[in-house]
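Here is structure.txt, consisting of compact mmCIF, C-alpha atoms:
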# COMPACT_ATOMS: atom_id res chain seq x y z
CA MET A 1 144.65 30.37 213.80
CA ALA A 2 145.79 29.72 210.22
CA SER A 3 143.47 27.87 207.90
CA ARG A 4 143.89 24.13 207.92
CA ASP A 5 142.82 23.94 204.29
CA GLN A 6 146.23 24.39 202.74
CA PHE A 7 148.65 22.74 200.35
CA GLN A 8 152.38 23.45 200.27
CA ARG A 9 155.30 22.28 198.18
CA PHE A 10 158.84 22.03 199.51
CA ILE A 11 162.23 20.97 198.24
CA PHE A 12 165.45 19.83 199.80
CA GLU A 13 167.94 22.41 198.53
CA HIS A 14 170.50 21.42 195.90
CA SER A 15 168.96 18.00 195.37
CA GLN A 16 166.47 16.10 193.23
CA VAL A 17 164.26 15.34 196.22
CA ARG A 18 160.99 17.23 196.63
CA GLY A 19 157.89 17.01 198.76
CA ALA A 20 154.39 18.28 199.38
CA TRP A 21 152.18 18.68 202.44
CA VAL A 22 148.44 19.15 202.75
CA GLN A 23 145.94 19.56 205.55
CA LEU A 24 142.16 19.62 205.04
CA GLY A 25 139.69 20.88 207.63
CA ASN A 26 136.53 22.62 206.44
CA SER A 27 136.86 21.22 202.93
CA PHE A 28 136.98 17.66 204.25
CA SER A 29 134.01 18.29 206.54
CA ASP A 30 132.01 19.83 203.69
CA ILE A 31 132.56 16.71 201.59
CA SER A 32 132.32 14.01 204.25
CA THR A 33 129.05 15.35 205.67
CA GLN A 34 127.27 15.04 202.31
CA ALA A 35 126.29 11.50 203.38
CA PRO A 36 126.25 9.49 206.65
CA TYR A 37 129.56 7.70 206.10
CA PRO A 38 130.71 4.99 208.53
CA GLU A 39 134.01 5.79 210.24
CA SER A 40 136.16 3.52 208.09
CA VAL A 41 134.65 4.84 204.84
CA ARG A 42 134.96 8.45 205.99
CA ARG A 43 138.61 7.91 206.86
CA LEU A 44 139.39 6.33 203.49
CA LEU A 45 137.57 9.15 201.69
CA GLY A 46 139.71 11.64 203.61
CA GLU A 47 142.90 9.79 202.66
CA SER A 48 141.78 9.76 199.02
CA LEU A 49 141.11 13.51 198.99
CA VAL A 50 144.54 14.16 200.49
CA ALA A 51 146.16 11.88 197.92
CA SER A 52 144.40 13.65 195.05
CA VAL A 53 145.73 17.03 196.24
CA LEU A 54 149.28 15.74 196.71
CA MET A 55 149.34 14.00 193.32
CA SER A 56 147.87 17.05 191.57
CA SER A 57 151.07 18.92 192.43
CA SER A 58 152.55 17.34 189.30
CA LEU A 59 149.93 18.91 187.01
CA LYS A 60 151.53 21.40 184.63
CA PHE A 61 148.29 22.44 182.97
CA LYS A 62 144.71 23.42 183.74
CA GLY A 63 142.63 20.36 184.49
CA THR A 64 141.82 17.76 187.12
CA LEU A 65 143.32 14.65 188.66
CA SER A 66 140.93 12.09 190.06
CA LEU A 67 141.40 8.89 192.02
CA GLN A 68 138.64 6.37 191.37
CA ALA A 69 137.99 2.91 192.75
CA ALA A 70 135.19 0.44 192.11
CA GLY A 71 134.86 -2.64 194.25
CA GLU A 72 132.70 -5.62 195.03
CA GLY A 73 132.99 -5.32 198.81
CA SER A 74 130.91 -3.21 201.16
CA LEU A 75 132.52 -0.10 199.62
CA ARG A 76 131.28 0.04 196.03
CA THR A 77 132.65 3.35 194.78
CA LEU A 78 135.32 5.77 195.90
CA MET A 79 136.24 8.97 194.08
CA ALA A 80 138.36 11.99 194.97
CA GLU A 81 139.18 14.79 192.58
CA CYS A 82 141.45 17.83 192.69
CA SER A 83 141.82 20.57 190.10
CA HIS A 84 144.92 22.58 189.22
CA ASP A 85 143.61 25.41 191.43
CA ARG A 86 143.12 23.07 194.45
CA HIS A 87 139.36 22.69 194.24
CA ILE A 88 138.41 19.29 195.59
CA ARG A 89 135.35 17.09 195.65
CA GLY A 90 134.73 13.43 196.43
CA LEU A 91 132.25 10.74 197.33
CA ALA A 92 131.91 7.15 198.43
CA ARG A 93 129.10 4.66 197.95
CA HIS A 94 128.78 1.77 200.33
CA ASP A 95 126.46 -1.02 201.38
CA ASP A 96 123.77 0.63 203.49
CA GLN A 97 123.15 -2.57 205.44
CA ALA A 98 126.66 -3.16 206.74
CA VAL A 99 130.22 -2.01 206.17
CA THR A 100 132.69 -4.78 206.84
CA GLY A 101 136.43 -4.39 207.06
CA ASP A 102 138.72 -1.51 207.88
CA THR A 103 141.54 -1.49 205.32
CA LEU A 104 141.30 -0.45 201.69
CA ASN A 105 141.31 -4.00 200.37
CA GLU A 106 138.86 -5.26 202.99
CA LEU A 107 136.41 -2.48 202.15
CA LEU A 108 136.70 -2.68 198.36
CA GLY A 109 137.16 -6.41 197.96
CA ALA A 110 137.77 -7.39 194.34
CA GLY A 111 137.82 -4.40 192.04
CA ARG A 112 139.99 -1.85 190.33
CA MET A 113 141.49 1.53 191.03
CA ALA A 114 142.67 4.15 188.56
CA ILE A 115 144.09 7.65 188.34
CA THR A 116 142.57 9.84 185.64
CA ILE A 117 144.13 13.10 184.49
CA THR A 118 141.76 15.30 182.48
CA PRO A 119 143.22 18.49 181.00
CA ASP A 120 140.84 21.31 180.08
CA GLN A 121 142.44 21.14 176.64
CA GLY A 122 143.85 17.91 175.28
CA GLN A 123 143.58 14.18 175.71
CA ARG A 124 142.58 12.43 178.90
CA TYR A 125 145.03 9.96 180.46
CA GLN A 126 144.20 7.05 182.75
CA GLY A 127 146.57 4.78 184.64
CA VAL A 128 145.68 1.65 186.59
CA VAL A 129 146.72 1.59 190.25
CA PRO A 130 147.92 -1.81 191.54
CA ARG A 131 145.98 -3.21 194.48
CA GLU A 132 148.71 -5.34 196.04
CA ALA A 133 149.38 -3.22 199.14
CA ASP A 134 147.03 -3.11 202.13
CA THR A 135 146.87 0.68 202.31
CA LEU A 136 145.93 3.40 199.84
CA ALA A 137 149.33 5.01 200.35
CA GLY A 138 151.07 1.73 199.53
CA CYS A 139 149.04 1.22 196.36
CA LEU A 140 149.81 4.73 195.13
CA GLU A 141 153.51 4.35 195.89
CA GLU A 142 153.49 1.26 193.66
CA TYR A 143 151.70 3.24 190.94
CA PHE A 144 154.39 5.93 190.90
CA GLU A 145 157.16 3.35 190.93
CA ARG A 146 155.73 1.30 188.05
CA SER A 147 153.93 3.86 185.88
CA GLU A 148 155.90 7.05 186.46
CA GLN A 149 159.29 5.58 187.47
CA ILE A 150 159.42 8.07 190.34
CA ALA A 151 160.30 6.84 193.81
CA THR A 152 157.51 8.13 196.05
CA SER A 153 156.63 7.90 199.73
CA LEU A 154 153.13 8.81 200.90
CA PHE A 155 151.77 9.29 204.41
CA LEU A 156 147.98 9.70 204.56
CA PHE A 157 145.81 10.15 207.65
CA ALA A 158 142.25 11.19 208.44
CA ASN A 159 140.11 11.37 211.56
CA GLU A 160 136.66 12.73 212.35
CA ASP A 161 137.22 16.28 211.13
CA THR A 162 140.67 16.55 209.53
CA ALA A 163 142.61 14.83 206.76
CA ALA A 164 146.31 15.38 206.11
CA GLY A 165 149.24 13.97 204.22
CA LEU A 166 152.89 14.19 203.27
CA MET A 167 154.53 13.14 200.01
CA LEU A 168 158.22 12.73 199.22
CA GLN A 169 159.57 12.11 195.72
CA ARG A 170 163.01 11.46 194.26
CA LEU A 171 163.10 12.90 190.76
CA PRO A 172 164.89 11.49 187.69
CA GLY A 173 168.50 12.60 187.36
CA HIS A 174 169.26 12.01 191.03
CA THR A 175 172.88 11.65 192.16
CA GLU A 176 174.51 9.42 194.74
CA GLU A 177 174.21 12.30 197.23
CA ASP A 178 170.48 12.47 196.43
CA ASP A 179 170.16 8.75 197.11
CA ASP A 180 171.74 9.22 200.54
CA LEU A 181 169.42 12.16 201.21
CA TRP A 182 166.43 10.13 200.04
CA ASN A 183 167.25 7.34 202.47
CA ARG A 184 167.71 9.78 205.35
CA VAL A 185 164.51 11.77 204.84
CA ASN A 186 162.46 8.62 204.32
CA HIS A 187 163.76 7.19 207.56
CA LEU A 188 162.76 10.42 209.30
CA ALA A 189 159.38 10.66 207.59
CA ARG A 190 158.43 7.17 208.73
CA THR A 191 158.56 8.42 212.31
CA VAL A 192 155.68 10.85 211.74
CA GLU A 193 152.61 10.23 213.84
CA ALA A 194 149.04 10.71 212.64
CA GLU A 195 148.44 13.31 215.36
CA GLU A 196 151.40 15.37 214.13
CA LEU A 197 150.22 15.49 210.53
CA LEU A 198 146.64 16.20 211.55
CA THR A 199 147.39 19.04 213.97
CA LEU A 200 150.74 20.69 213.23
CA ASP A 201 151.28 23.44 210.66
CA SER A 202 153.70 22.71 207.81
CA GLU A 203 156.67 24.69 209.16
CA THR A 204 156.50 23.06 212.58
CA LEU A 205 156.07 19.58 211.14
CA LEU A 206 158.88 19.86 208.58
CA HIS A 207 161.25 21.38 211.14
CA ARG A 208 160.45 18.58 213.58
CA LEU A 209 161.13 15.94 210.92
CA PHE A 210 163.94 17.44 208.85
CA HIS A 211 165.66 20.09 211.01
CA GLU A 212 169.09 18.77 210.03
CA GLU A 213 168.35 19.25 206.32
CA THR A 214 168.03 22.47 204.29
CA VAL A 215 164.37 22.66 203.31
CA ARG A 216 162.82 25.41 201.19
CA LEU A 217 159.09 25.78 201.70
CA PHE A 218 157.04 27.44 198.96
CA ASP A 219 154.05 29.68 199.55
CA PRO A 220 150.92 27.89 200.78
CA GLU A 221 147.98 27.45 198.44
CA PRO A 222 144.38 27.37 199.71
CA VAL A 223 142.31 24.22 199.20
CA ALA A 224 138.51 24.36 199.06
CA PHE A 225 135.53 22.14 198.37
CA HIS A 226 134.08 23.23 195.06
CA CYS A 227 131.77 21.25 192.82
CA SER A 228 132.15 21.77 189.09
CA CYS A 229 128.59 20.76 188.30
CA SER A 230 126.39 23.23 186.41
CA ARG A 231 123.15 23.35 184.48
CA GLU A 232 125.13 23.42 181.24
CA ARG A 233 127.15 20.31 182.14
CA THR A 234 123.99 18.51 183.19
CA LEU A 235 122.39 19.35 179.85
CA ALA A 236 125.47 17.94 178.12
CA ALA A 237 124.98 14.71 180.08
CA LEU A 238 121.35 14.57 178.93
CA GLU A 239 122.47 15.10 175.36
CA ALA A 240 124.77 12.10 175.74
CA ILE A 241 121.84 10.02 177.02
CA GLY A 242 120.07 10.72 173.74
CA LYS A 243 116.92 12.31 172.40
CA ASP A 244 114.70 9.22 172.57
CA GLU A 245 115.57 8.44 176.19
CA CYS A 246 115.05 12.05 177.29
CA TYR A 247 111.61 12.30 175.68
CA SER A 248 110.68 8.92 177.12
CA ILE A 249 111.45 10.23 180.63
CA LEU A 250 109.47 13.39 179.91
CA ASP A 251 106.44 11.40 178.74
CA GLU A 252 106.58 9.28 181.88
CA GLN A 253 107.47 11.88 184.53
CA GLY A 254 106.63 15.27 183.02
CA SER A 255 110.12 16.64 183.70
CA ILE A 256 113.69 15.42 184.12
CA ASN A 257 115.25 15.89 187.55
CA MET A 258 118.95 15.25 188.08
CA ASP A 259 120.89 15.50 191.34
CA CYS A 260 124.63 16.10 191.52
CA GLN A 261 126.30 13.17 193.29
CA PHE A 262 128.92 15.43 194.88
CA CYS A 263 126.99 18.45 196.22
CA HIS A 264 123.35 17.32 195.81
CA ALA A 265 122.42 20.33 193.68
CA ASN A 266 119.17 19.61 191.82
CA TYR A 267 118.63 20.45 188.16
CA ARG A 268 115.12 20.28 186.68
CA PHE A 269 114.40 20.33 182.95
CA ASN A 270 110.99 20.67 181.31
CA ARG A 271 109.93 19.85 177.77
CA ASN A 272 110.91 23.30 176.51
CA ASP A 273 114.44 22.78 177.84
CA ILE A 274 114.75 19.42 176.08
CA ASP A 275 113.25 20.78 172.84
CA HIS A 276 115.85 23.53 172.86
CA LEU A 277 118.63 21.06 173.64
CA PHE A 278 117.95 18.82 170.65
CA THR A 279 116.54 21.26 168.08
CA GLY A 280 118.00 24.61 169.07
CA HIS A 281 114.57 26.14 169.59
CA THR A 282 111.36 25.57 171.53
CA LEU A 283 108.73 23.45 169.84
CA HIS A 284 105.97 23.74 172.44

Would you mind writing the file's structure down as structure tokens?
Amino acid sequence: MASRDQFQRFIFEHSQVRGAWVQLGNSFSDISTQAPYPESVRRLLGESLVASVLMSSSLKFKGTLSLQAAGEGSLRTLMAECSHDRHIRGLARHDDQAVTGDTLNELLGAGRMAITITPDQGQRYQGVVPREADTLAGCLEEYFERSEQIATSLFLFANEDTAAGLMLQRLPGHTEEDDDLWNRVNHLARTVEAEELLTLDSETLLHRLFHEETVRLFDPEPVAFHCSCSRERTLAALEAIGKDECYSILDEQGSINMDCQFCHANYRFNRNDIDHLFTGHTLH
């Protein structure tokens, strides 16, 4: 059986309409089992991971795209990130006492959502995602329409062990024929069932939906859970905290212990490590 952790682009030949498909199996399980997430939070995390992969298809450089939300409801934090080479990670923080609501807006309550694009070289960009729609897909469609001026349709689903999605986009420079095609394929895409996206491979799904159109499917790309944390990055975070704060923690606790929020890797630093960080050599 082919891996379910795959991303694939496709285009409708001789048009300005493109699409992308993704299905996450092991990678979603690896991320969603990092914490005991309630069903509604787990599902939304899965949808967010799928969205980050689909949106990252527009990256033309090395870097990451992340979807971040902070709310005042029972879901406090939501983050999903995908790199140019399809490495994903994500997390959610929620009220341990009770999770109320099922939809995005019910879970987050008042709050904000943003998309952040961080190139390995160059300036970071952040765009605010409107929160007017009830679903994550609807909010992101509004973001593309307002911020990128690209008509976009998103279909995001997740269950206990799989997350999957489909994205259609009409690019600038479209013709009247493209507009007709856009209307047709959107009408067809809206018939897709969650079970189809979560279980069918890309060729079967796209043939089932668009068999009357000429679709060119590009080579699949693997997707995998991979955390970008490292001892060096953690030291950089300590440097940002500042010398006085670091030595204060050392005086109180004897060492500094930091856990990665995404993969729970633990990094421990003693006084020699902190001396070297701030002076370039060991003082003790």

Per residue of region 157-210 of chain A within 10 Å of region 130-153 of chain A, record the nearest atom pair and its distance in Å to one decimal, counting all atoms listed in the file, with rows in chain order and ascending residue number, as JSON lines.
{"residue": "A:Phe157", "atom": "CA", "partner": "A:Ala137", "partner_atom": "CA", "distance": 9.6}
{"residue": "A:Gly165", "atom": "CA", "partner": "A:Ala137", "partner_atom": "CA", "distance": 9.8}
{"residue": "A:Leu166", "atom": "CA", "partner": "A:Ser153", "partner_atom": "CA", "distance": 8.1}
{"residue": "A:Met167", "atom": "CA", "partner": "A:Ser153", "partner_atom": "CA", "distance": 5.7}
{"residue": "A:Leu168", "atom": "CA", "partner": "A:Ser153", "partner_atom": "CA", "distance": 5.1}
{"residue": "A:Gln169", "atom": "CA", "partner": "A:Thr152", "partner_atom": "CA", "distance": 4.5}
{"residue": "A:Arg170", "atom": "CA", "partner": "A:Ala151", "partner_atom": "CA", "distance": 5.4}
{"residue": "A:Leu171", "atom": "CA", "partner": "A:Ile150", "partner_atom": "CA", "distance": 6.1}
{"residue": "A:Pro172", "atom": "CA", "partner": "A:Ile150", "partner_atom": "CA", "distance": 7.0}
{"residue": "A:Trp182", "atom": "CA", "partner": "A:Ala151", "partner_atom": "CA", "distance": 9.3}
{"residue": "A:Asn186", "atom": "CA", "partner": "A:Ser153", "partner_atom": "CA", "distance": 7.5}
{"residue": "A:Ala189", "atom": "CA", "partner": "A:Ser153", "partner_atom": "CA", "distance": 8.8}
{"residue": "A:Arg190", "atom": "CA", "partner": "A:Ser153", "partner_atom": "CA", "distance": 9.2}

Show me a table, sorted first by chain and then by increasing residue number, of the residues of region 64-174 of chain A having an atom at most 9 Å from region 225-231 of chain A, each with its shortest atom pair and the distance in Å to one decimal, counting only C-alpha atoms and written as JSON lines.
{"residue": "A:Arg86", "atom": "CA", "partner": "A:Phe225", "partner_atom": "CA", "distance": 8.6}
{"residue": "A:His87", "atom": "CA", "partner": "A:His226", "partner_atom": "CA", "distance": 5.4}
{"residue": "A:Ile88", "atom": "CA", "partner": "A:Phe225", "partner_atom": "CA", "distance": 4.9}
{"residue": "A:Arg89", "atom": "CA", "partner": "A:Phe225", "partner_atom": "CA", "distance": 5.7}
{"residue": "A:Gly90", "atom": "CA", "partner": "A:Phe225", "partner_atom": "CA", "distance": 9.0}

Leaving out region 241-253 of chain A and any residue of its chain fewer than 4 positions from it, which residues lie within 7 Å of it when counting only C-alpha atoms, given as a VMD selection string? chain A and resid 237 271 278

Using only C-alpha atoms, can you list as a list in words the residues within 9 Å of (145.5, 5.0, 184.1)?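 Output of the proximity query reads Met113, Ala114, Ile115, Thr116, Ile117, Tyr125, Gln126, Gly127, Val128, Val129 and Ser147 of chain A.
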
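Among the candidate residues A:Arg93, A:Arg208, A:Arg124, A:Arg216, the one lying nearest to His14 (chain A) is A:Arg216, with distances computed using all atoms listed in the file.
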